[in-house]
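Source file: coords16.txt (compact mmCIF, C-alpha atoms)
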```
# COMPACT_ATOMS: atom_id res chain seq x y z
CA MET V 1 56.07 -75.25 170.76
CA ASN V 2 54.68 -71.77 171.26
CA ALA V 3 55.55 -69.14 168.65
CA VAL V 4 54.96 -66.21 171.02
CA VAL V 5 57.30 -67.62 173.67
CA ALA V 6 59.89 -68.40 171.00
CA GLY V 7 59.72 -64.88 169.57
CA ILE V 8 60.10 -63.27 173.01
CA THR V 9 63.05 -65.51 173.80
CA TYR V 10 64.84 -64.82 170.51
CA ARG V 11 64.41 -61.07 170.93
CA ALA V 12 65.67 -61.19 174.51
CA LEU V 13 68.78 -63.19 173.61
CA LEU V 14 69.71 -61.62 170.30
CA GLY V 15 69.03 -58.09 171.48
CA ARG V 16 71.30 -58.19 174.50
CA ARG V 17 75.03 -58.44 175.10
CA ARG V 18 74.71 -62.23 174.79
CA ILE V 19 74.74 -61.89 171.01
CA ILE V 20 78.30 -60.58 171.32
CA LEU V 21 79.26 -63.54 173.48
CA LEU V 22 77.61 -65.90 171.00
CA LEU V 23 79.64 -64.40 168.15
CA LEU V 24 83.08 -64.14 169.76
CA LEU V 25 83.90 -67.84 170.03
CA PRO V 26 82.79 -68.93 166.53
CA LEU V 27 84.59 -65.95 165.01
CA ALA V 28 87.71 -66.94 166.94
CA LEU V 29 87.41 -70.51 165.62
CA ILE V 30 87.06 -69.38 162.01
CA GLY V 31 89.88 -66.88 162.52
CA LEU V 32 92.17 -69.65 163.76
CA ALA V 33 91.23 -71.77 160.76
CA VAL V 34 92.09 -68.92 158.38
CA LEU V 35 95.46 -68.35 160.09
CA LEU V 36 96.31 -72.05 159.94
CA ARG V 37 95.36 -72.10 156.26
CA ILE V 38 97.62 -69.12 155.55
CA PHE V 39 100.56 -70.64 157.41
CA ASP V 40 100.24 -74.10 155.84
CA GLY V 41 98.53 -75.75 158.80
CA ASP V 42 95.73 -77.07 156.61
CA ASP V 43 96.34 -80.78 157.15
CA GLN V 44 93.95 -83.33 158.60
CA ALA V 45 95.88 -83.84 161.85
CA THR V 46 95.85 -80.12 162.64
CA THR V 47 92.19 -79.80 161.67
CA VAL V 48 91.11 -82.69 163.89
CA THR V 49 93.11 -81.26 166.80
CA LEU V 50 91.50 -77.83 166.37
CA MET V 51 88.02 -79.35 166.16
CA GLN V 52 88.55 -81.50 169.24
CA THR V 53 90.33 -79.05 171.50
CA PHE V 54 88.60 -75.81 170.56
CA ALA V 55 85.38 -76.39 168.62
CA ILE V 56 83.88 -79.20 170.68
CA SER V 57 85.85 -79.14 173.94
CA THR V 58 85.92 -75.36 174.55
CA MET V 59 83.58 -73.42 172.30
CA LEU V 60 80.58 -75.75 172.36
CA PRO V 61 80.16 -76.11 176.17
CA LEU V 62 80.50 -72.36 176.67
CA LEU V 63 78.02 -71.55 173.90
CA GLY V 64 75.71 -74.20 175.33
CA LEU V 65 75.92 -72.47 178.68
CA ILE V 66 75.19 -69.05 177.20
CA ALA V 67 72.25 -70.28 175.12
CA GLY V 68 70.85 -72.86 177.56
CA THR V 69 70.79 -70.63 180.61
CA GLY V 70 70.14 -67.47 178.61
CA VAL V 71 66.74 -68.62 177.35
CA ILE V 72 65.25 -68.72 180.86
CA ALA V 73 67.58 -67.84 183.75
CA PRO V 74 67.47 -64.03 183.21
CA GLU V 75 63.65 -64.12 183.17
CA ILE V 76 63.64 -65.98 186.48
CA ASP V 77 66.18 -63.57 187.97
CA ASP V 78 64.31 -60.39 187.00
CA GLY V 79 60.85 -61.83 187.64
CA THR V 80 59.50 -61.49 184.10
CA ILE V 81 58.94 -65.25 183.99
CA ILE V 82 55.97 -64.66 186.30
CA HIS V 83 54.13 -62.71 183.59
CA LEU V 84 54.78 -65.48 181.08
CA MET V 85 53.58 -68.22 183.39
CA SER V 86 50.42 -66.29 184.24
CA LYS V 87 49.33 -66.83 180.62
CA PRO V 88 47.36 -69.95 179.62
CA ILE V 89 50.46 -71.72 178.35
CA SER V 90 51.52 -75.14 179.59
CA ARG V 91 54.74 -75.03 181.62
CA PRO V 92 56.20 -78.04 179.73
CA VAL V 93 55.45 -76.19 176.48
CA ILE V 94 57.38 -73.19 177.79
CA ALA V 95 60.33 -75.42 178.67
CA LEU V 96 60.23 -77.22 175.30
CA THR V 97 60.00 -73.96 173.36
CA LYS V 98 62.96 -72.44 175.17
CA PHE V 99 64.92 -75.64 174.63
CA VAL V 100 64.25 -75.50 170.88
CA VAL V 101 65.33 -71.84 170.80
CA ALA V 102 68.61 -72.76 172.53
CA VAL V 103 69.18 -75.62 170.06
CA THR V 104 68.64 -73.39 167.03
CA LEU V 105 71.12 -70.87 168.42
CA LEU V 106 73.70 -73.61 168.89
CA ALA V 107 73.09 -74.85 165.37
CA VAL V 108 73.83 -71.36 164.01
CA PHE V 109 76.63 -70.28 166.35
CA ALA V 110 78.34 -73.64 167.03
CA ALA V 111 77.61 -76.35 164.45
CA LEU V 112 77.72 -74.10 161.38
CA PRO V 113 81.00 -72.32 162.31
CA THR V 114 82.51 -75.72 163.13
CA TYR V 115 81.71 -76.89 159.61
CA VAL V 116 83.01 -73.66 158.06
CA ALA V 117 86.29 -73.77 160.03
CA ALA V 118 86.97 -77.41 159.12
CA TRP V 119 86.02 -76.79 155.48
CA ILE V 120 88.43 -73.84 155.28
CA LEU V 121 91.23 -76.16 156.34
CA VAL V 122 90.54 -79.44 154.53
CA GLY V 123 87.42 -78.94 152.46
CA ASN V 124 85.33 -82.10 152.35
CA GLU V 125 88.25 -84.49 152.91
CA ASP V 126 87.14 -87.68 154.71
CA ASN V 127 83.95 -85.95 155.88
CA ILE V 128 85.83 -84.22 158.71
CA ALA V 129 83.83 -81.00 158.38
CA ALA V 130 80.47 -82.78 158.21
CA GLY V 131 81.36 -85.17 161.02
CA PHE V 132 82.36 -82.50 163.50
CA ALA V 133 79.42 -80.29 162.53
CA VAL V 134 76.91 -83.08 163.16
CA GLY V 135 78.71 -84.16 166.33
CA SER V 136 78.72 -80.58 167.55
CA LEU V 137 75.01 -80.25 166.89
CA ALA V 138 74.21 -83.53 168.66
CA ALA V 139 76.24 -82.57 171.73
CA GLY V 140 74.77 -79.06 171.55
CA VAL V 141 71.25 -80.48 171.85
CA ALA V 142 72.23 -82.20 175.11
CA TYR V 143 74.03 -79.12 176.40
CA ALA V 144 70.96 -76.98 175.67
CA ALA V 145 68.79 -79.34 177.72
CA VAL V 146 71.23 -79.62 180.64
CA PHE V 147 71.88 -75.90 180.92
CA LEU V 148 68.18 -75.09 180.50
CA LEU V 149 67.49 -77.35 183.47
CA LEU V 150 70.22 -75.62 185.46
CA GLY V 151 68.62 -72.28 184.67
CA VAL V 152 65.33 -73.52 186.10
CA VAL V 153 66.54 -75.28 189.24
CA THR V 154 69.11 -72.78 190.51
CA ARG V 155 69.85 -69.07 190.44
CA HIS V 156 73.54 -69.91 190.21
CA ALA V 157 73.21 -71.67 186.86
CA VAL V 158 76.03 -69.76 185.15
CA THR V 159 78.52 -70.42 187.94
CA ILE V 160 77.63 -74.10 188.18
CA GLY V 161 77.60 -74.40 184.40
CA ILE V 162 81.08 -72.88 184.07
CA LEU V 163 82.41 -75.26 186.72
CA TYR V 164 80.79 -78.19 184.93
CA ALA V 165 82.05 -77.14 181.48
CA LEU V 166 85.60 -76.30 182.56
CA VAL V 167 86.21 -78.81 185.36
CA TRP V 168 84.27 -81.92 184.35
CA GLU V 169 84.06 -81.63 180.58
CA SER V 170 87.42 -80.02 179.82
CA LEU V 171 89.67 -81.07 182.71
CA VAL V 172 88.41 -84.32 184.22
CA GLY V 173 87.04 -85.62 180.92
CA ASN V 174 90.38 -85.09 179.19
CA LEU V 175 92.61 -86.42 181.98
CA ILE V 176 90.68 -89.39 183.34
CA THR V 177 89.87 -92.08 180.81
CA GLY V 178 86.84 -93.48 182.65
CA ALA V 179 85.22 -90.06 182.95
CA ARG V 180 85.17 -89.64 179.18
CA THR V 181 82.33 -92.12 178.95
CA TYR V 182 80.11 -89.65 180.81
CA SER V 183 81.12 -86.52 178.92
CA VAL V 184 78.66 -84.84 176.56
CA GLN V 185 81.43 -83.58 174.30
CA ARG V 186 82.81 -87.12 174.00
CA TRP V 187 79.37 -88.35 172.95
CA GLY V 188 79.37 -85.72 170.23
CA GLN V 189 82.83 -86.81 169.11
CA ALA V 190 81.61 -90.40 168.87
CA ILE V 191 79.02 -89.27 166.33
CA ALA V 192 81.63 -87.19 164.49
CA ASP V 193 83.91 -90.22 164.32
CA GLN V 194 81.10 -92.31 162.83
CA ILE V 195 80.68 -89.83 159.98
CA SER V 196 84.34 -88.96 159.41
CA THR V 197 86.71 -91.48 157.89
CA SER V 198 89.90 -89.62 158.80
CA ALA V 199 92.77 -91.76 160.05
CA PHE V 200 93.70 -88.97 162.47
CA PHE V 201 90.47 -89.16 164.44
CA GLU V 202 89.19 -91.95 166.62
CA SER V 203 86.62 -91.58 169.41
CA ASP V 204 87.21 -93.31 172.73
CA VAL V 205 83.45 -93.63 173.39
CA SER V 206 81.37 -96.13 171.43
CA LEU V 207 78.51 -94.92 169.28
CA SER V 208 76.21 -97.53 170.85
CA PHE V 209 76.64 -95.77 174.19
CA ALA V 210 76.87 -92.18 172.98
CA VAL V 211 73.56 -92.01 171.07
CA PRO V 212 71.33 -93.47 173.84
CA ALA V 213 73.15 -91.33 176.41
CA LEU V 214 72.50 -88.15 174.41
CA ILE V 215 68.83 -89.04 174.01
CA VAL V 216 68.30 -89.97 177.67
CA VAL V 217 70.06 -86.87 179.03
CA THR V 218 68.24 -84.54 176.64
CA VAL V 219 64.75 -85.94 177.19
CA ALA V 220 65.17 -86.25 180.96
CA ALA V 221 66.51 -82.71 181.33
CA VAL V 222 63.74 -81.09 179.25
CA LEU V 223 60.98 -83.09 180.98
CA TYR V 224 62.32 -82.26 184.43
CA ALA V 225 62.70 -78.59 183.51
CA GLY V 226 59.02 -78.54 182.51
CA ARG V 227 58.08 -80.28 185.75
CA ARG V 228 60.02 -77.78 187.84
CA LEU V 229 58.40 -74.90 185.99
CA ARG V 230 55.01 -76.44 186.71
CA ALA V 231 55.85 -76.32 190.42
CA PHE V 232 57.20 -72.77 190.17
CA SER V 233 55.20 -70.36 192.33
CA LEU V 234 53.70 -67.25 190.78
CA THR V 235 55.17 -65.33 193.69
CA GLY V 236 58.59 -66.05 192.22
CA ASP V 237 59.64 -68.53 194.87
CA GLU V 238 60.83 -71.94 193.78
```
Re-express the file's structure as structure tokens.
Amino acid sequence: MNAVVAGITYRALLGRRRIILLLLLPLALIGLAVLLRIFDGDDQATTVTLMQTFAISTMLPLLGLIAGTGVIAPEIDDGTIIHLMSKPISRPVIALTKFVVAVTLLAVFAALPTYVAAWILVGNEDNIAAGFAVGSLAAGVAYAAVFLLLGVVTRHAVTIGILYALVWESLVGNLITGARTYSVQRWGQAIADQISTSAFFESDVSLSFAVPALIVVTVAAVLYAGRRLRAFSLTGDE
């Protein structure tokens, strides 16, 4: 970790229009929870559906894309990454620091609102709020790593990330049973299911697969991102 790199990255992300994008989705989730509470939709079945279809399946991948690519892709695009890499800072340390920044943003803007929205609806019933919050955070860690890597290896990270999040995670992962095994959001739901005891929620991916998969994907993506940064030319060419 490098505190200077972290500070620069936080200021760049939270001081731009991305902060608005980071706020819109969690506010929409909490707003939906409030509306459901007002109109007597505060039952476990409705809460689980909202958490699965919006919190983890829609909001989390998009926030992961914003945070994961946002910590490094803009610096590569405008060339300011060159000034950072000319300093005596290890490239893997840069990658790790930016990954940690992305994870903390997802903890604040994804995992915490997920807990708040579920708590508004059912309180602490059957650990639904805690389960989905932890599952969201676990999947968010993997998303941060994957989208960070995309931001390093391609200048089209946002486009590719949107296609991945909407086509593979949301469409293919929900329609094709076999594809769910290789879906980050499904891995997060497996962890949520382990914590929650609700009868209305059951993951279709085993915890014994989900946890190692999350660890392998996260570690591999961060390590490869650091390796690619190490090979990055100071002229700005990859």
Counting only C-alpha atoms, what is within 8 Å of Ile56 (chain V), bar same-chain residues fewer than 2 positions away, as a list of chain:residue names?
->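 Once the nearby chain positions are removed, what remains is V:Met51, V:Gln52, V:Thr53, V:Phe54, V:Thr58, V:Met59, V:Leu60, V:Pro61, V:Ser136, V:Gln185, V:Gly188, V:Gln189.
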Counting all atoms listed in the file, write as a ChimeraX atom specification all protein and nucleic acid residues lying at most 10 Å from (74.1, -75.1, 178.9) in the file's frame.
-> /V:60-71,102,140-151,157-158,160-162,164-165
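The nearest approach to Asn127 (chain V) among the residues V:Leu223, V:Val152, V:Ala192, V:Val211, with only C-alpha atoms taken into account, belongs to V:Ala192.
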Between V:Val116, V:Val5, V:Met85, V:Leu105, which is the closest to Leu27 (chain V) once you count only C-alpha atoms?
->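 Looking at the shortest contact to Leu27 (chain V), the residue is V:Val116.
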Using CA of Val93 (chain V) and CA of Pro212 (chain V) as the two end points, give the distance in Å to one decimal.
->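 These atoms are spaced 23.6 Å apart.
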What lies within 9 Å of region 193-198 of chain V using all atoms listed in the file, ignoring chain neighbours under 4 positions off, as JSON, numbers by chain?
-> {"V": [44, 45, 48, 125, 126, 127, 128, 129, 130, 131, 132, 134, 135, 188, 189, 202, 203, 207]}
Which is closer to Ala55 (chain V) than all the others in V:Tyr182, V:Phe201, V:Phe109, V:Trp187, using only C-alpha atoms?
-> V:Phe109
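Taking CA of Ile94 (chain V) and CA of Asp77 (chain V) as the two end points, the separation is 16.5 Å.
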Between CA of Pro113 (chain V) and CA of Val34 (chain V), distance in Å (one decimal) | 12.2 Å
With 3 Å on each side, where is the centre of the axis-aligned box around all listed atoms of region 215-219 of chain V, and how long are its edges in Å to one decimal, as AutoDock Vina command-line options?
```
--center_x 67.4 --center_y -87.3 --center_z 176.5 --size_x 11.3 --size_y 11.4 --size_z 11.0
```
From the list V:Thr97, V:Ser170, V:Leu13, V:Leu25, which residue is nearest Ala117 (chain V) when using all atoms listed in the file?
->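 Looking at the shortest contact to Ala117 (chain V), the residue is V:Leu25.
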Can you pull out the residues contacting Met1 (chain V)? Cut-off 12 Å, using only C-alpha atoms, and skip same-chain residues under 5 positions away; I want them as a PDB file with C-alpha atoms, keeping the file's coordinate frame.
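And here's result_18.pdb as it stands now:
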```
ATOM      1  CA  ALA V   6      59.890 -68.400 171.000  1.00  0.00           C
ATOM      2  CA  GLY V   7      59.720 -64.880 169.570  1.00  0.00           C
ATOM      3  CA  ILE V  89      50.460 -71.720 178.350  1.00  0.00           C
ATOM      4  CA  SER V  90      51.520 -75.140 179.590  1.00  0.00           C
ATOM      5  CA  ARG V  91      54.740 -75.030 181.620  1.00  0.00           C
ATOM      6  CA  PRO V  92      56.200 -78.040 179.730  1.00  0.00           C
ATOM      7  CA  VAL V  93      55.450 -76.190 176.480  1.00  0.00           C
ATOM      8  CA  ILE V  94      57.380 -73.190 177.790  1.00  0.00           C
ATOM      9  CA  ALA V  95      60.330 -75.420 178.670  1.00  0.00           C
ATOM     10  CA  LEU V  96      60.230 -77.220 175.300  1.00  0.00           C
ATOM     11  CA  THR V  97      60.000 -73.960 173.360  1.00  0.00           C
ATOM     12  CA  LYS V  98      62.960 -72.440 175.170  1.00  0.00           C
ATOM     13  CA  PHE V  99      64.920 -75.640 174.630  1.00  0.00           C
ATOM     14  CA  VAL V 100      64.250 -75.500 170.880  1.00  0.00           C
ATOM     15  CA  VAL V 101      65.330 -71.840 170.800  1.00  0.00           C
TER      16      VAL V 101
END
```
Is it possible to add all heavy atoms to region 199-210 of chain V and hand it back as a PDB file, in the coordinates of the input?
```pdb
ATOM      1  N   ALA V 199      91.897 -90.883 159.273  1.00  0.00           N
ATOM      2  CA  ALA V 199      92.770 -91.760 160.050  1.00  0.00           C
ATOM      3  C   ALA V 199      93.328 -91.057 161.281  1.00  0.00           C
ATOM      4  O   ALA V 199      93.887 -91.701 162.172  1.00  0.00           O
ATOM      5  CB  ALA V 199      93.924 -92.236 159.171  1.00  0.00           C
ATOM      6  N   PHE V 200      93.160 -89.740 161.353  1.00  0.00           N
ATOM      7  CA  PHE V 200      93.700 -88.970 162.470  1.00  0.00           C
ATOM      8  C   PHE V 200      92.677 -88.760 163.592  1.00  0.00           C
ATOM      9  O   PHE V 200      92.950 -88.048 164.550  1.00  0.00           O
ATOM     10  CB  PHE V 200      94.179 -87.597 161.970  1.00  0.00           C
ATOM     11  CG  PHE V 200      95.305 -87.690 160.988  1.00  0.00           C
ATOM     12  CD1 PHE V 200      95.056 -87.653 159.631  1.00  0.00           C
ATOM     13  CD2 PHE V 200      96.618 -87.832 161.422  1.00  0.00           C
ATOM     14  CE1 PHE V 200      96.092 -87.746 158.707  1.00  0.00           C
ATOM     15  CE2 PHE V 200      97.656 -87.935 160.515  1.00  0.00           C
ATOM     16  CZ  PHE V 200      97.400 -87.887 159.155  1.00  0.00           C
ATOM     17  N   PHE V 201      91.519 -89.376 163.448  1.00  0.00           N
ATOM     18  CA  PHE V 201      90.470 -89.160 164.440  1.00  0.00           C
ATOM     19  C   PHE V 201      89.828 -90.481 164.822  1.00  0.00           C
ATOM     20  O   PHE V 201      89.363 -91.224 163.973  1.00  0.00           O
ATOM     21  CB  PHE V 201      89.404 -88.212 163.862  1.00  0.00           C
ATOM     22  CG  PHE V 201      88.248 -87.946 164.782  1.00  0.00           C
ATOM     23  CD1 PHE V 201      88.450 -87.764 166.131  1.00  0.00           C
ATOM     24  CD2 PHE V 201      86.957 -87.871 164.292  1.00  0.00           C
ATOM     25  CE1 PHE V 201      87.382 -87.509 166.987  1.00  0.00           C
ATOM     26  CE2 PHE V 201      85.889 -87.615 165.123  1.00  0.00           C
ATOM     27  CZ  PHE V 201      86.108 -87.434 166.480  1.00  0.00           C
ATOM     28  N   GLU V 202      89.834 -90.740 166.119  1.00  0.00           N
ATOM     29  CA  GLU V 202      89.190 -91.950 166.620  1.00  0.00           C
ATOM     30  C   GLU V 202      88.594 -91.651 167.995  1.00  0.00           C
ATOM     31  O   GLU V 202      89.300 -91.222 168.916  1.00  0.00           O
ATOM     32  CB  GLU V 202      90.181 -93.106 166.728  1.00  0.00           C
ATOM     33  CG  GLU V 202      89.544 -94.406 167.193  1.00  0.00           C
ATOM     34  CD  GLU V 202      90.524 -95.556 167.220  1.00  0.00           C
ATOM     35  OE1 GLU V 202      91.701 -95.353 166.842  1.00  0.00           O
ATOM     36  OE2 GLU V 202      90.124 -96.658 167.632  1.00  0.00           O
ATOM     37  N   SER V 203      87.307 -91.848 168.142  1.00  0.00           N
ATOM     38  CA  SER V 203      86.620 -91.580 169.410  1.00  0.00           C
ATOM     39  C   SER V 203      86.905 -92.691 170.405  1.00  0.00           C
ATOM     40  O   SER V 203      87.044 -93.859 170.043  1.00  0.00           O
ATOM     41  CB  SER V 203      85.113 -91.468 169.173  1.00  0.00           C
ATOM     42  OG  SER V 203      84.436 -91.386 170.404  1.00  0.00           O
ATOM     43  N   ASP V 204      87.003 -92.303 171.693  1.00  0.00           N
ATOM     44  CA  ASP V 204      87.210 -93.310 172.730  1.00  0.00           C
ATOM     45  C   ASP V 204      85.911 -93.667 173.444  1.00  0.00           C
ATOM     46  O   ASP V 204      85.922 -94.295 174.505  1.00  0.00           O
ATOM     47  CB  ASP V 204      88.261 -92.837 173.744  1.00  0.00           C
ATOM     48  CG  ASP V 204      88.096 -91.379 174.128  1.00  0.00           C
ATOM     49  OD1 ASP V 204      86.980 -90.855 173.971  1.00  0.00           O
ATOM     50  OD2 ASP V 204      89.083 -90.771 174.562  1.00  0.00           O
ATOM     51  N   VAL V 205      84.768 -93.246 172.878  1.00  0.00           N
ATOM     52  CA  VAL V 205      83.450 -93.630 173.390  1.00  0.00           C
ATOM     53  C   VAL V 205      82.690 -94.287 172.244  1.00  0.00           C
ATOM     54  O   VAL V 205      82.667 -93.763 171.129  1.00  0.00           O
ATOM     55  CB  VAL V 205      82.667 -92.422 173.926  1.00  0.00           C
ATOM     56  CG1 VAL V 205      81.276 -92.841 174.387  1.00  0.00           C
ATOM     57  CG2 VAL V 205      83.420 -91.754 175.074  1.00  0.00           C
ATOM     58  N   SER V 206      82.075 -95.417 172.492  1.00  0.00           N
ATOM     59  CA  SER V 206      81.370 -96.130 171.430  1.00  0.00           C
ATOM     60  C   SER V 206      80.079 -95.419 171.041  1.00  0.00           C
ATOM     61  O   SER V 206      79.425 -94.777 171.875  1.00  0.00           O
ATOM     62  CB  SER V 206      81.035 -97.557 171.873  1.00  0.00           C
ATOM     63  OG  SER V 206      80.070 -97.541 172.911  1.00  0.00           O
ATOM     64  N   LEU V 207      79.728 -95.544 169.768  1.00  0.00           N
ATOM     65  CA  LEU V 207      78.510 -94.920 169.280  1.00  0.00           C
ATOM     66  C   LEU V 207      77.276 -95.547 169.942  1.00  0.00           C
ATOM     67  O   LEU V 207      76.292 -94.858 170.207  1.00  0.00           O
ATOM     68  CB  LEU V 207      78.407 -95.083 167.762  1.00  0.00           C
ATOM     69  CG  LEU V 207      77.247 -94.354 167.073  1.00  0.00           C
ATOM     70  CD1 LEU V 207      77.480 -92.860 167.111  1.00  0.00           C
ATOM     71  CD2 LEU V 207      77.103 -94.836 165.635  1.00  0.00           C
ATOM     72  N   SER V 208      77.344 -96.834 170.238  1.00  0.00           N
ATOM     73  CA  SER V 208      76.210 -97.530 170.850  1.00  0.00           C
ATOM     74  C   SER V 208      75.897 -97.012 172.247  1.00  0.00           C
ATOM     75  O   SER V 208      74.781 -97.167 172.734  1.00  0.00           O
ATOM     76  CB  SER V 208      76.489 -99.035 170.914  1.00  0.00           C
ATOM     77  OG  SER V 208      77.643 -99.300 171.688  1.00  0.00           O
ATOM     78  N   PHE V 209      76.887 -96.397 172.885  1.00  0.00           N
ATOM     79  CA  PHE V 209      76.640 -95.770 174.190  1.00  0.00           C
ATOM     80  C   PHE V 209      76.310 -94.290 174.030  1.00  0.00           C
ATOM     81  O   PHE V 209      75.440 -93.758 174.719  1.00  0.00           O
ATOM     82  CB  PHE V 209      77.867 -95.910 175.092  1.00  0.00           C
ATOM     83  CG  PHE V 209      77.690 -95.291 176.457  1.00  0.00           C
ATOM     84  CD1 PHE V 209      77.122 -96.015 177.492  1.00  0.00           C
ATOM     85  CD2 PHE V 209      78.069 -93.974 176.699  1.00  0.00           C
ATOM     86  CE1 PHE V 209      76.936 -95.446 178.748  1.00  0.00           C
ATOM     87  CE2 PHE V 209      77.890 -93.394 177.946  1.00  0.00           C
ATOM     88  CZ  PHE V 209      77.323 -94.132 178.978  1.00  0.00           C
ATOM     89  N   ALA V 210      77.005 -93.624 173.127  1.00  0.00           N
ATOM     90  CA  ALA V 210      76.870 -92.180 172.980  1.00  0.00           C
ATOM     91  C   ALA V 210      75.465 -91.749 172.576  1.00  0.00           C
ATOM     92  O   ALA V 210      74.896 -90.814 173.162  1.00  0.00           O
ATOM     93  CB  ALA V 210      77.887 -91.651 171.974  1.00  0.00           C
TER      94      ALA V 210
END
```
